[in-house]
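S.K.: What follows is the file data17.cif, containing mmCIF, C-alpha atoms:
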data_upload
loop_
_atom_site.label_atom_id
_atom_site.label_comp_id
_atom_site.auth_asym_id
_atom_site.auth_seq_id
_atom_site.Cartn_x
_atom_site.Cartn_y
_atom_site.Cartn_z
CA MET A 1 0.55 16.37 -23.92
CA GLU A 2 2.77 14.60 -21.38
CA HIS A 3 1.41 16.81 -18.62
CA GLN A 4 -2.20 16.12 -19.57
CA SER A 5 -3.79 13.68 -17.13
CA ILE A 6 -6.49 11.12 -17.69
CA LEU A 7 -8.74 13.37 -15.62
CA GLU A 8 -8.44 16.05 -18.31
CA LEU A 9 -8.61 13.63 -21.22
CA HIS A 10 -11.53 11.52 -20.03
CA PRO A 11 -13.56 12.79 -17.02
CA GLY A 12 -15.89 9.79 -17.37
CA LEU A 13 -13.01 7.53 -16.36
CA VAL A 14 -12.80 9.31 -13.00
CA TRP A 15 -16.47 8.60 -12.32
CA GLY A 16 -16.05 5.04 -13.56
CA PHE A 17 -13.21 4.45 -11.10
CA ALA A 18 -15.10 6.07 -8.22
CA VAL A 19 -18.35 4.17 -8.87
CA THR A 20 -16.49 0.85 -9.21
CA VAL A 21 -14.68 1.32 -5.90
CA VAL A 22 -17.85 2.39 -4.04
CA ILE A 23 -19.91 -0.50 -5.44
CA MET A 24 -17.21 -3.05 -4.61
CA LEU A 25 -16.85 -1.73 -1.05
CA LEU A 26 -20.64 -1.79 -0.53
CA LEU A 27 -20.82 -5.35 -1.85
CA ASP A 28 -17.87 -6.36 0.30
CA LEU A 29 -19.27 -4.96 3.56
CA GLY A 30 -23.03 -5.07 2.98
CA VAL A 31 -23.49 -8.33 1.09
CA PHE A 32 -20.56 -10.73 1.25
CA ASN A 33 -19.38 -9.78 4.73
CA LYS A 34 -22.55 -8.54 6.39
CA LYS A 35 -21.80 -10.77 9.35
CA SER A 36 -18.28 -10.91 10.76
CA HIS A 37 -16.72 -14.27 10.01
CA GLU A 38 -13.37 -15.93 9.56
CA VAL A 39 -12.31 -15.58 5.93
CA SER A 40 -11.37 -18.91 4.36
CA SER A 41 -8.47 -19.42 1.97
CA LYS A 42 -10.98 -20.09 -0.85
CA GLU A 43 -12.83 -16.82 -0.24
CA ALA A 44 -9.54 -14.91 0.03
CA THR A 45 -8.32 -16.44 -3.23
CA ILE A 46 -11.52 -15.44 -5.07
CA TRP A 47 -11.37 -11.86 -3.79
CA SER A 48 -7.64 -11.62 -4.61
CA ILE A 49 -8.36 -12.70 -8.18
CA VAL A 50 -11.26 -10.21 -8.40
CA TRP A 51 -9.18 -7.23 -7.21
CA ILE A 52 -6.11 -8.06 -9.30
CA SER A 53 -8.35 -8.61 -12.36
CA LEU A 54 -10.07 -5.26 -11.82
CA SER A 55 -6.67 -3.60 -11.50
CA MET A 56 -5.39 -5.15 -14.71
CA ILE A 57 -8.62 -4.29 -16.57
CA PHE A 58 -8.29 -0.69 -15.45
CA SER A 59 -4.69 -0.57 -16.67
CA GLY A 60 -6.03 -1.73 -20.05
CA VAL A 61 -8.55 1.12 -19.97
CA VAL A 62 -5.69 3.52 -19.22
CA TYR A 63 -3.88 2.27 -22.33
CA TRP A 64 -7.04 2.48 -24.46
CA VAL A 65 -7.84 6.07 -23.41
CA PHE A 66 -4.35 7.38 -24.16
CA ASN A 67 -4.03 5.33 -27.33
CA GLN A 68 -7.25 6.91 -28.64
CA ALA A 69 -6.21 10.44 -27.71
CA ASP A 70 -2.42 10.58 -28.06
CA GLY A 71 -1.18 7.46 -29.81
CA HIS A 72 0.59 4.23 -28.96
CA ALA A 73 3.84 5.64 -27.49
CA LEU A 74 2.22 7.71 -24.76
CA ALA A 75 -0.34 4.96 -24.13
CA VAL A 76 2.47 2.47 -23.42
CA GLU A 77 4.20 5.01 -21.16
CA LYS A 78 1.04 5.60 -19.10
CA PHE A 79 0.20 1.88 -19.00
CA THR A 80 3.66 0.98 -17.67
CA GLN A 81 3.53 3.88 -15.19
CA TYR A 82 0.31 2.45 -13.78
CA GLN A 83 1.70 -1.10 -13.69
CA ALA A 84 4.98 -0.06 -12.05
CA ALA A 85 3.22 2.04 -9.39
CA TYR A 86 0.71 -0.77 -8.75
CA TRP A 87 3.29 -3.51 -8.27
CA ILE A 88 5.57 -1.32 -6.13
CA GLU A 89 2.63 -0.58 -3.84
CA LYS A 90 1.56 -4.24 -3.89
CA ALA A 91 5.03 -5.43 -2.96
CA LEU A 92 5.40 -2.95 -0.13
CA SER A 93 1.88 -3.90 1.02
CA VAL A 94 2.93 -7.54 1.36
CA ASP A 95 5.77 -6.38 3.60
CA ASN A 96 3.20 -4.49 5.68
CA LEU A 97 1.26 -7.72 6.24
CA PHE A 98 3.99 -8.81 8.66
CA VAL A 99 3.08 -5.86 10.87
CA PHE A 100 -0.67 -6.60 10.62
CA ILE A 101 -0.03 -10.16 11.80
CA LEU A 102 1.96 -8.86 14.78
CA VAL A 103 -0.72 -6.28 15.65
CA PHE A 104 -3.55 -8.85 15.56
CA GLY A 105 -1.45 -11.24 17.63
CA PHE A 106 -0.53 -8.56 20.20
CA PHE A 107 -4.18 -7.58 20.78
CA LYS A 108 -5.38 -11.20 20.52
CA VAL A 109 -7.99 -10.21 17.93
CA PRO A 110 -10.34 -13.15 17.14
CA LYS A 111 -9.92 -14.27 13.53
CA TYR A 112 -13.53 -13.55 12.63
CA LEU A 113 -12.92 -9.85 13.39
CA HIS A 114 -9.80 -9.43 11.22
CA HIS A 115 -11.77 -8.55 8.09
CA LYS A 116 -13.75 -5.77 9.78
CA VAL A 117 -10.59 -4.15 11.15
CA LEU A 118 -8.88 -4.27 7.76
CA PHE A 119 -12.00 -2.94 6.00
CA TRP A 120 -12.11 0.22 8.10
CA GLY A 121 -8.34 0.50 7.79
CA ILE A 122 -8.83 0.57 4.01
CA ILE A 123 -11.42 3.35 4.27
CA GLY A 124 -8.88 5.46 6.13
CA ALA A 125 -6.24 4.64 3.53
CA LEU A 126 -8.53 5.88 0.71
CA ILE A 127 -8.63 9.30 2.39
CA PHE A 128 -5.01 9.60 3.53
CA ARG A 129 -3.57 8.36 0.21
CA ALA A 130 -5.58 11.00 -1.68
CA ILE A 131 -4.18 13.73 0.58
CA PHE A 132 -0.60 12.46 0.34
CA ILE A 133 -0.59 11.91 -3.43
CA PHE A 134 -2.36 15.06 -4.63
CA ALA A 135 -0.53 17.27 -2.11
CA GLY A 136 2.77 15.60 -3.00
CA VAL A 137 2.35 16.15 -6.74
CA GLY A 138 1.42 19.79 -6.13
CA LEU A 139 4.47 20.29 -3.89
CA ILE A 140 6.80 18.66 -6.40
CA ASN A 141 5.56 20.95 -9.18
CA LEU A 142 6.37 24.00 -7.02
CA THR A 143 9.90 23.07 -5.96
CA TYR A 144 11.99 23.15 -9.15
CA LEU A 145 15.17 25.18 -8.81
CA PRO A 146 16.12 27.59 -11.61
CA GLU A 147 17.96 25.92 -14.48
CA MET A 148 21.67 25.60 -13.72
CA ASN A 149 24.78 24.33 -15.44
CA ILE A 150 26.20 21.18 -13.83
CA PHE A 151 28.96 19.09 -15.40
CA GLY A 152 28.61 21.16 -18.55
CA GLU A 153 24.90 20.37 -18.90
CA ALA A 154 21.87 22.57 -18.25
CA VAL A 155 19.60 20.82 -15.75
CA LYS A 156 16.57 21.59 -13.56
CA ILE A 157 16.73 20.01 -10.11
CA ASN A 158 13.65 19.40 -8.00
CA VAL A 159 14.26 19.87 -4.28
CA VAL A 160 11.47 17.53 -3.08
CA MET A 161 12.35 14.74 -5.52
CA THR A 162 16.01 14.96 -4.48
CA LEU A 163 15.07 14.72 -0.80
CA PHE A 164 12.74 11.80 -1.55
CA GLY A 165 15.54 10.11 -3.48
CA LEU A 166 18.00 10.44 -0.60
CA PHE A 167 15.38 9.19 1.86
CA LEU A 168 14.53 6.13 -0.26
CA VAL A 169 18.18 5.17 -0.70
CA TYR A 170 18.58 5.46 3.09
CA ALA A 171 15.36 3.47 3.67
CA GLY A 172 16.51 0.79 1.25
CA ILE A 173 19.89 0.38 2.95
CA LYS A 174 18.31 0.44 6.41
CA SER A 175 15.67 -2.16 5.51
CA TRP A 176 18.17 -4.65 4.05
CA GLY A 177 17.45 -7.95 5.74
CA GLU A 178 14.99 -6.41 8.20
CA GLY A 179 11.92 -8.34 9.25
CA ASP A 180 12.66 -9.17 12.84
CA GLY A 181 12.80 -7.00 15.91
CA GLU A 182 9.18 -5.86 15.84
CA ASP A 183 7.84 -8.93 17.65
CA ASP A 184 8.29 -7.37 21.09
CA GLU A 185 6.90 -3.93 20.21
CA ASP A 186 4.19 -2.58 22.52
CA TYR A 187 1.46 -1.70 20.03
CA SER A 188 -0.84 -0.53 22.84
CA ASN A 189 1.38 2.54 23.19
CA THR A 190 1.57 3.62 19.55
CA ALA A 191 0.21 6.98 18.39
CA GLY A 192 -2.94 5.34 16.96
CA ALA A 193 -3.75 3.60 20.25
CA ARG A 194 -3.01 6.72 22.31
CA LEU A 195 -5.31 8.79 20.07
CA ILE A 196 -8.27 6.46 20.70
CA LYS A 197 -7.54 6.35 24.44
CA SER A 198 -7.42 10.16 24.57
CA PHE A 199 -11.08 10.33 23.47
CA TRP A 200 -12.62 7.29 25.17
CA LYS A 201 -12.05 4.92 28.01
CA VAL A 202 -11.26 1.46 26.65
CA SER A 203 -12.91 -1.71 27.97
CA ASP A 204 -10.80 -4.71 28.89
CA ASN A 205 -12.67 -7.16 26.66
CA TYR A 206 -14.10 -7.36 23.14
CA ASP A 207 -17.86 -7.10 22.68
CA GLY A 208 -18.40 -9.09 19.50
CA ASP A 209 -17.69 -6.91 16.47
CA LYS A 210 -18.71 -3.68 18.21
CA PHE A 211 -16.43 -0.66 18.40
CA PHE A 212 -18.27 0.68 21.46
CA THR A 213 -19.86 -0.93 24.49
CA VAL A 214 -21.62 0.20 27.66
CA GLN A 215 -20.31 -0.89 31.05
CA ASN A 216 -21.90 0.29 34.30
CA GLY A 217 -23.77 2.96 32.34
CA ILE A 218 -20.54 4.32 30.78
CA LYS A 219 -19.97 4.29 27.01
CA MET A 220 -16.52 2.87 26.31
CA ALA A 221 -14.47 1.99 23.25
CA THR A 222 -13.65 -1.68 22.83
CA PRO A 223 -10.14 -2.95 22.09
CA LEU A 224 -11.36 -3.46 18.49
CA LEU A 225 -11.46 0.32 17.94
CA VAL A 226 -7.93 0.60 19.36
CA VAL A 227 -6.75 -2.01 16.85
CA VAL A 228 -8.31 0.02 13.99
CA GLY A 229 -6.45 3.09 15.27
CA VAL A 230 -3.17 1.17 15.35
CA ILE A 231 -3.73 -0.20 11.81
CA GLU A 232 -4.53 3.33 10.51
CA PHE A 233 -1.38 4.75 12.09
CA THR A 234 0.67 1.85 10.71
CA ASP A 235 -0.64 2.61 7.21
CA VAL A 236 0.35 6.28 7.54
CA LEU A 237 3.89 5.23 8.50
CA PHE A 238 3.90 2.71 5.66
CA ALA A 239 2.90 5.48 3.21
CA VAL A 240 6.07 7.39 4.12
CA ASP A 241 8.01 4.80 2.09
CA SER A 242 5.48 3.85 -0.57
CA ILE A 243 4.16 7.27 -1.64
CA PRO A 244 7.59 8.86 -2.35
CA ALA A 245 8.51 5.69 -4.25
CA ILE A 246 5.68 6.03 -6.77
CA PHE A 247 6.46 9.72 -7.39
CA ALA A 248 9.53 8.45 -9.25
CA ILE A 249 7.23 6.58 -11.63
CA SER A 250 4.78 9.29 -12.74
CA ASN A 251 3.67 12.87 -12.09
CA ASP A 252 0.04 12.10 -12.98
CA PRO A 253 -1.89 12.08 -9.66
CA PHE A 254 -4.81 10.14 -11.13
CA ILE A 255 -2.63 7.26 -12.31
CA LEU A 256 -0.79 7.26 -8.99
CA TYR A 257 -3.97 7.31 -6.92
CA THR A 258 -5.89 4.68 -8.90
CA SER A 259 -2.95 2.25 -8.98
CA ASN A 260 -2.34 2.85 -5.27
CA ILE A 261 -5.96 2.34 -4.26
CA PHE A 262 -6.42 -0.82 -6.34
CA ALA A 263 -3.30 -2.25 -4.67
CA ILE A 264 -4.56 -1.27 -1.21
CA LEU A 265 -8.09 -2.59 -1.82
CA GLY A 266 -6.69 -6.02 -2.61
CA LEU A 267 -4.61 -6.01 0.56
CA ARG A 268 -7.29 -7.51 2.83
CA SER A 269 -7.87 -10.60 0.73
CA LEU A 270 -4.12 -10.93 0.24
CA TYR A 271 -3.68 -10.85 4.01
CA PHE A 272 -6.01 -13.81 4.54
CA LEU A 273 -4.45 -15.66 1.61
CA LEU A 274 -0.86 -15.19 2.77
CA ALA A 275 -1.19 -15.11 6.57
CA ASN A 276 -0.53 -18.85 6.82
CA PHE A 277 2.23 -18.75 4.17
CA ILE A 278 4.03 -15.55 5.13
CA HIS A 279 7.25 -17.54 5.68
CA MET A 280 7.30 -18.05 1.89
CA PHE A 281 8.21 -14.35 1.62
CA SER A 282 11.13 -14.43 4.04
CA LYS A 283 13.52 -12.92 1.45
CA LEU A 284 11.09 -10.21 0.34
CA SER A 285 12.72 -7.60 2.60
CA TYR A 286 15.93 -7.91 0.55
CA GLY A 287 14.02 -7.38 -2.68
CA LEU A 288 12.18 -4.37 -1.28
CA ALA A 289 15.47 -2.88 -0.09
CA ILE A 290 16.83 -3.14 -3.64
CA ILE A 291 13.64 -1.66 -5.12
CA LEU A 292 13.59 1.30 -2.71
CA SER A 293 17.29 2.00 -3.36
CA PHE A 294 16.79 1.74 -7.14
CA ILE A 295 13.86 4.17 -7.06
CA GLY A 296 15.84 6.56 -4.87
CA ILE A 297 18.78 6.48 -7.29
CA LYS A 298 16.37 6.99 -10.19
CA MET A 299 15.10 10.16 -8.51
CA LEU A 300 18.62 11.46 -7.84
CA ILE A 301 19.90 10.95 -11.39
CA ALA A 302 16.66 12.07 -13.09
CA PRO A 303 18.03 15.54 -14.06
CA TRP A 304 20.76 13.83 -16.11
CA ILE A 305 19.51 10.33 -16.92
CA HIS A 306 15.88 9.38 -17.56
CA ILE A 307 14.95 5.77 -16.80
CA SER A 308 11.71 5.06 -18.65
CA SER A 309 8.65 3.49 -17.04
CA PRO A 310 8.93 0.23 -19.05
CA VAL A 311 12.52 -0.21 -17.83
CA SER A 312 11.50 0.61 -14.24
CA LEU A 313 8.63 -1.89 -14.45
CA GLY A 314 11.00 -4.58 -15.73
CA ILE A 315 13.51 -3.99 -12.93
CA VAL A 316 10.84 -3.90 -10.19
CA GLY A 317 9.12 -7.01 -11.55
CA GLY A 318 12.40 -8.88 -11.95
CA VAL A 319 13.55 -8.12 -8.40
CA LEU A 320 10.20 -9.20 -6.94
CA VAL A 321 10.20 -12.49 -8.86
CA ILE A 322 13.77 -13.26 -7.75
CA ALA A 323 12.94 -12.39 -4.11
CA VAL A 324 9.88 -14.65 -4.06
CA LEU A 325 11.71 -17.51 -5.79
CA ALA A 326 14.61 -17.18 -3.32
CA SER A 327 12.10 -17.31 -0.44
CA ILE A 328 10.56 -20.52 -1.82
CA LEU A 329 13.88 -22.18 -2.68
CA PHE A 330 15.59 -21.18 0.58
CA PRO A 331 12.77 -21.02 3.17
CA GLU A 332 13.37 -20.10 6.78
CA LYS A 333 13.16 -23.11 9.05
CA GLU A 334 10.21 -22.16 11.22
CA GLU A 335 10.47 -25.35 13.22
CA GLU A 336 14.01 -24.52 14.34
CA LYS A 337 12.92 -20.98 15.32
CA LEU A 338 10.10 -22.37 17.45
CA GLU A 339 12.47 -24.81 19.15
CA GLU A 340 14.93 -22.00 19.96
CA GLU A 341 12.12 -19.96 21.51
#
Let's see the structure in the file written out as structure tokens.
M.R.:
Amino acid sequence: MEHQSILELHPGLVWGFAVTVVIMLLLDLGVFNKKSHEVSSKEATIWSIVWISLSMIFSGVVYWVFNQADGHALAVEKFTQYQAAYWIEKALSVDNLFVFILVFGFFKVPKYLHHKVLFWGIIGALIFRAIFIFAGVGLINLTYLPEMNIFGEAVKINVVMTLFGLFLVYAGIKSWGEGDGEDDEDYSNTAGARLIKSFWKVSDNYDGDKFFTVQNGIKMATPLLVVVGVIEFTDVLFAVDSIPAIFAISNDPFILYTSNIFAILGLRSLYFLLANFIHMFSKLSYGLAIILSFIGIKMLIAPWIHISSPVSLGIVGGVLVIAVLASILFPEKEEEKLEEE
């Protein structure tokens, strides 16, 4: 039963998830944000509450479905798998907001256009995350080595999970204390920007919220489309850390995808809510380094020691709370930084 996914147990849940996401996106773009505008802190707070509430409700549905079909123990396991994957993705997403702020600043994107860029970035993420997660789970299931005797114990080692584990430990160590150094990066020369420029000529100026404009009878892309390309490419790079991390939590692609997408969908509102308070997360990089290293170690020792999802959720949650509290109690002195510059 452990290998039976929600998709197999309750196909209606798949349609429920899909319909909910589509309706919310249509409402977001076609009703509440039909005209490009600067998102206020109040609006961002409301949308953040909506997305987090939907995510938590869905995790309750996950528990209910498995509790009905397989009992309380497996229901708790699946519920905590969803929660752990969701909060890992959410935490890493907050770290990614630093890059979004730098990208928007580099291209001098007017604030009223930020939401549109992030919306289309999310659409791309829905597609790429599905490819990464379902392909990753399939690859993991195909790369188990034959059972072998190590340290007097019969174990089955997975090649992909071991490689992911080593990579995450490396990423965790490398990211310890990171957060600076990207300010001077030339985002106009990233792969996403170069891809757009390879298809279209790019105008020098924005044309409202349009992705294309016509100048001297020539159809050209606006800088806004270049920014979308950069954001999409940034998300793909970001997924290199976040997707392997959630594979340590569960092998159920539906739980991984739904938790991932709910976390990503709430990223836009979180961006507008936190953009002016990002300094309050100055110690988050240390927490994320610990989380990535922990997940990597969990992958490496999995053939011998199983760390359950509830324990993983507790460790991830505890590290995040400590990192945020440390950021609030020991904030970076922005005024001093500005004076030095």
S.K.: Nearest to Ile157 of chain A among A:Asn205, A:Asn141, A:Thr45, A:Ser198, with distances taken over only C-alpha atoms: which residue is it?
M.R.: A:Asn141
S.K.: Neighbours of segment 108-114 of chain A within 12 Å (only C-alpha atoms; same-chain residues fewer than 2 positions away dropped), as a VMD selection string?
M.R.: chain A and resid 33 to 40 100 to 106 116 to 121 187 to 188 204 to 211 222 to 228 231 268 to 269 271 to 272 275
S.K.: Check what the PyMOL selection byres ((chain A and resi 58) around 10) selects in the file above and give those residues as a PyMOL selection string.
M.R.: chain A and resi 13+16-17+52-57+59-64+79+82+258-259+262
S.K.: Where does the PyMOL selection byres ((chain A and resi 316) around 12) land in this file, that is, which residues does it pick, as a PyMOL selection string?
M.R.: chain A and resi 80-81+83-92+245-246+249+287-295+309-315+317-323
S.K.: Would you mind exporting the chosen residues as a PDB file, keeping the file's coordinate frame, restricted to C-alpha atoms?
M.R.:
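again32.pdb written:
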ATOM      1  CA  THR A  80       3.660   0.980 -17.670  1.00  0.00           C
ATOM      2  CA  GLN A  81       3.530   3.880 -15.190  1.00  0.00           C
ATOM      3  CA  GLN A  83       1.700  -1.100 -13.690  1.00  0.00           C
ATOM      4  CA  ALA A  84       4.980  -0.060 -12.050  1.00  0.00           C
ATOM      5  CA  ALA A  85       3.220   2.040  -9.390  1.00  0.00           C
ATOM      6  CA  TYR A  86       0.710  -0.770  -8.750  1.00  0.00           C
ATOM      7  CA  TRP A  87       3.290  -3.510  -8.270  1.00  0.00           C
ATOM      8  CA  ILE A  88       5.570  -1.320  -6.130  1.00  0.00           C
ATOM      9  CA  GLU A  89       2.630  -0.580  -3.840  1.00  0.00           C
ATOM     10  CA  LYS A  90       1.560  -4.240  -3.890  1.00  0.00           C
ATOM     11  CA  ALA A  91       5.030  -5.430  -2.960  1.00  0.00           C
ATOM     12  CA  LEU A  92       5.400  -2.950  -0.130  1.00  0.00           C
ATOM     13  CA  ALA A 245       8.510   5.690  -4.250  1.00  0.00           C
ATOM     14  CA  ILE A 246       5.680   6.030  -6.770  1.00  0.00           C
ATOM     15  CA  ILE A 249       7.230   6.580 -11.630  1.00  0.00           C
ATOM     16  CA  GLY A 287      14.020  -7.380  -2.680  1.00  0.00           C
ATOM     17  CA  LEU A 288      12.180  -4.370  -1.280  1.00  0.00           C
ATOM     18  CA  ALA A 289      15.470  -2.880  -0.090  1.00  0.00           C
ATOM     19  CA  ILE A 290      16.830  -3.140  -3.640  1.00  0.00           C
ATOM     20  CA  ILE A 291      13.640  -1.660  -5.120  1.00  0.00           C
ATOM     21  CA  LEU A 292      13.590   1.300  -2.710  1.00  0.00           C
ATOM     22  CA  SER A 293      17.290   2.000  -3.360  1.00  0.00           C
ATOM     23  CA  PHE A 294      16.790   1.740  -7.140  1.00  0.00           C
ATOM     24  CA  ILE A 295      13.860   4.170  -7.060  1.00  0.00           C
ATOM     25  CA  SER A 309       8.650   3.490 -17.040  1.00  0.00           C
ATOM     26  CA  PRO A 310       8.930   0.230 -19.050  1.00  0.00           C
ATOM     27  CA  VAL A 311      12.520  -0.210 -17.830  1.00  0.00           C
ATOM     28  CA  SER A 312      11.500   0.610 -14.240  1.00  0.00           C
ATOM     29  CA  LEU A 313       8.630  -1.890 -14.450  1.00  0.00           C
ATOM     30  CA  GLY A 314      11.000  -4.580 -15.730  1.00  0.00           C
ATOM     31  CA  ILE A 315      13.510  -3.990 -12.930  1.00  0.00           C
ATOM     32  CA  GLY A 317       9.120  -7.010 -11.550  1.00  0.00           C
ATOM     33  CA  GLY A 318      12.400  -8.880 -11.950  1.00  0.00           C
ATOM     34  CA  VAL A 319      13.550  -8.120  -8.400  1.00  0.00           C
ATOM     35  CA  LEU A 320      10.200  -9.200  -6.940  1.00  0.00           C
ATOM     36  CA  VAL A 321      10.200 -12.490  -8.860  1.00  0.00           C
ATOM     37  CA  ILE A 322      13.770 -13.260  -7.750  1.00  0.00           C
ATOM     38  CA  ALA A 323      12.940 -12.390  -4.110  1.00  0.00           C
TER      39      ALA A 323
END
S.K.: So, with all atoms listed in the file as the atoms that count, which of A:Gly229, A:Gly165, A:Gly217, A:Pro244 lies closest to Ile196 of chain A?
M.R.: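 Looking at the shortest contact to Ile196 of chain A, the residue is A:Gly229.
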S.K.: What residues come out when you apply the PyMOL selection byres ((chain A and resi 220) around 8) to this file, written as a ChimeraX atom specification?
M.R.: /A:200-203,212-215,218-219,221-222
S.K.: Interatomic distance between atom CA of Glu77 of chain A and atom CA of Ala263 of chain A?
M.R.: 19.5 Å
S.K.: Just want the 6 Å neighbourhood of Ser327 of chain A, counted on only C-alpha atoms, with same-chain residues fewer than 3 positions away dropped. Output as a ChimeraX atom specification.
M.R.: /A:280-283,324,330-331
S.K.: Please dump the current selection as a compact mmCIF listing (two decimals), in the frame of the given file; keep C-alpha atoms.
M.R.:
# COMPACT_ATOMS: atom_id res chain seq x y z
CA MET A 280 7.30 -18.05 1.89
CA PHE A 281 8.21 -14.35 1.62
CA SER A 282 11.13 -14.43 4.04
CA LYS A 283 13.52 -12.92 1.45
CA VAL A 324 9.88 -14.65 -4.06
CA PHE A 330 15.59 -21.18 0.58
CA PRO A 331 12.77 -21.02 3.17
S.K.: Smallest atom-to-atom distance to Leu168 of chain A: which of A:Lys197, A:His306, A:His115, A:Lys298, using only C-alpha atoms?
M.R.: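 Among the listed residues, A:Lys298 lies closest to Leu168 of chain A.
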S.K.: Quote the spacing between atom CA of Val159 of chain A and atom CA of Ile133 of chain A in Å to one decimal place.
M.R.: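 Computing the Euclidean distance for atom CA of Val159 of chain A and atom CA of Ile133 of chain A yields 16.9 Å.
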S.K.: Rounded to one decimal, what separation in Å do you get between atom CA of Ile122 of chain A and atom CA of Pro11 of chain A?
M.R.: 24.8 Å
S.K.: Which is closer to Leu267 of chain A than all the others in A:Val169, A:Asp235, A:Lys174, A:Met148, using only C-alpha atoms?
M.R.: A:Asp235
S.K.: A:Val236, A:Asn158, A:Pro253, A:Trp176: which is nearest Gly192 of chain A, counting only C-alpha atoms?
M.R.: A:Val236
S.K.: May I have the residues within 12 Å of Ala130 of chain A as a PyMOL selection string, using only C-alpha atoms and disregarding those fewer than 2 positions away in the same chain?
M.R.: chain A and resi 123-128+132-137+236+239+243+253-261
S.K.: Keeping only C-alpha atoms, write the selected residues to a file as a JSON list (two decimals), in the coordinates of the input.
M.R.:
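Once everything was written out, this is selection_19.json:
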[["chain", "number", "residue", "atom", "x", "y", "z"],
["A", 123, "ILE", "CA", -11.42, 3.35, 4.27],
["A", 124, "GLY", "CA", -8.88, 5.46, 6.13],
["A", 125, "ALA", "CA", -6.24, 4.64, 3.53],
["A", 126, "LEU", "CA", -8.53, 5.88, 0.71],
["A", 127, "ILE", "CA", -8.63, 9.30, 2.39],
["A", 128, "PHE", "CA", -5.01, 9.60, 3.53],
["A", 132, "PHE", "CA", -0.60, 12.46, 0.34],
["A", 133, "ILE", "CA", -0.59, 11.91, -3.43],
["A", 134, "PHE", "CA", -2.36, 15.06, -4.63],
["A", 135, "ALA", "CA", -0.53, 17.27, -2.11],
["A", 136, "GLY", "CA", 2.77, 15.60, -3.00],
["A", 137, "VAL", "CA", 2.35, 16.15, -6.74],
["A", 236, "VAL", "CA", 0.35, 6.28, 7.54],
["A", 239, "ALA", "CA", 2.90, 5.48, 3.21],
["A", 243, "ILE", "CA", 4.16, 7.27, -1.64],
["A", 253, "PRO", "CA", -1.89, 12.08, -9.66],
["A", 254, "PHE", "CA", -4.81, 10.14, -11.13],
["A", 255, "ILE", "CA", -2.63, 7.26, -12.31],
["A", 256, "LEU", "CA", -0.79, 7.26, -8.99],
["A", 257, "TYR", "CA", -3.97, 7.31, -6.92],
["A", 258, "THR", "CA", -5.89, 4.68, -8.90],
["A", 259, "SER", "CA", -2.95, 2.25, -8.98],
["A", 260, "ASN", "CA", -2.34, 2.85, -5.27],
["A", 261, "ILE", "CA", -5.96, 2.34, -4.26]]
S.K.: Here's a test: counting all atoms listed in the file, identify every protein, DNA and RNA residue with an atom at most 8 Å from (18.3, 11.5, -7.9) in the file's coordinate frame, and state them as a ChimeraX atom specification.
M.R.: /A:161-162,165-166,296-303
S.K.: Give the answer as one residue: which of A:Ile46, A:Leu97, A:Pro146, A:Lys156 has the shortest atom-to-atom distance to Trp304 of chain A, using only C-alpha atoms?
M.R.: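 Among the listed residues, A:Lys156 lies closest to Trp304 of chain A.
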S.K.: My structure is short of atoms at segment 141-148 of chain A; please model N, CA, C and O atoms there, returning them as a compact mmCIF listing (two decimals), in the frame of the given file.
M.R.:
# COMPACT_ATOMS: atom_id res chain seq x y z
N ASN A 141 5.64 20.00 -8.07
CA ASN A 141 5.56 20.95 -9.18
C ASN A 141 5.99 22.36 -8.79
O ASN A 141 6.29 23.19 -9.66
N LEU A 142 6.02 22.64 -7.48
CA LEU A 142 6.37 24.00 -7.02
C LEU A 142 7.83 24.13 -6.58
O LEU A 142 8.27 25.22 -6.24
N THR A 143 8.57 23.02 -6.57
CA THR A 143 9.90 23.07 -5.96
C THR A 143 11.05 22.83 -6.94
O THR A 143 12.09 22.28 -6.57
N TYR A 144 10.88 23.23 -8.19
CA TYR A 144 11.99 23.15 -9.15
C TYR A 144 12.91 24.35 -8.95
O TYR A 144 12.45 25.50 -8.85
N LEU A 145 14.20 24.09 -8.87
CA LEU A 145 15.17 25.18 -8.81
C LEU A 145 15.37 25.76 -10.19
O LEU A 145 15.10 25.09 -11.20
N PRO A 146 15.84 27.01 -10.29
CA PRO A 146 16.12 27.59 -11.61
C PRO A 146 17.15 26.73 -12.35
O PRO A 146 18.00 26.07 -11.74
N GLU A 147 17.04 26.72 -13.66
CA GLU A 147 17.96 25.92 -14.48
C GLU A 147 19.40 26.33 -14.20
O GLU A 147 19.72 27.50 -14.11
N MET A 148 20.26 25.32 -14.01
CA MET A 148 21.67 25.60 -13.72
C MET A 148 22.57 24.68 -14.54
O MET A 148 22.13 23.64 -15.04
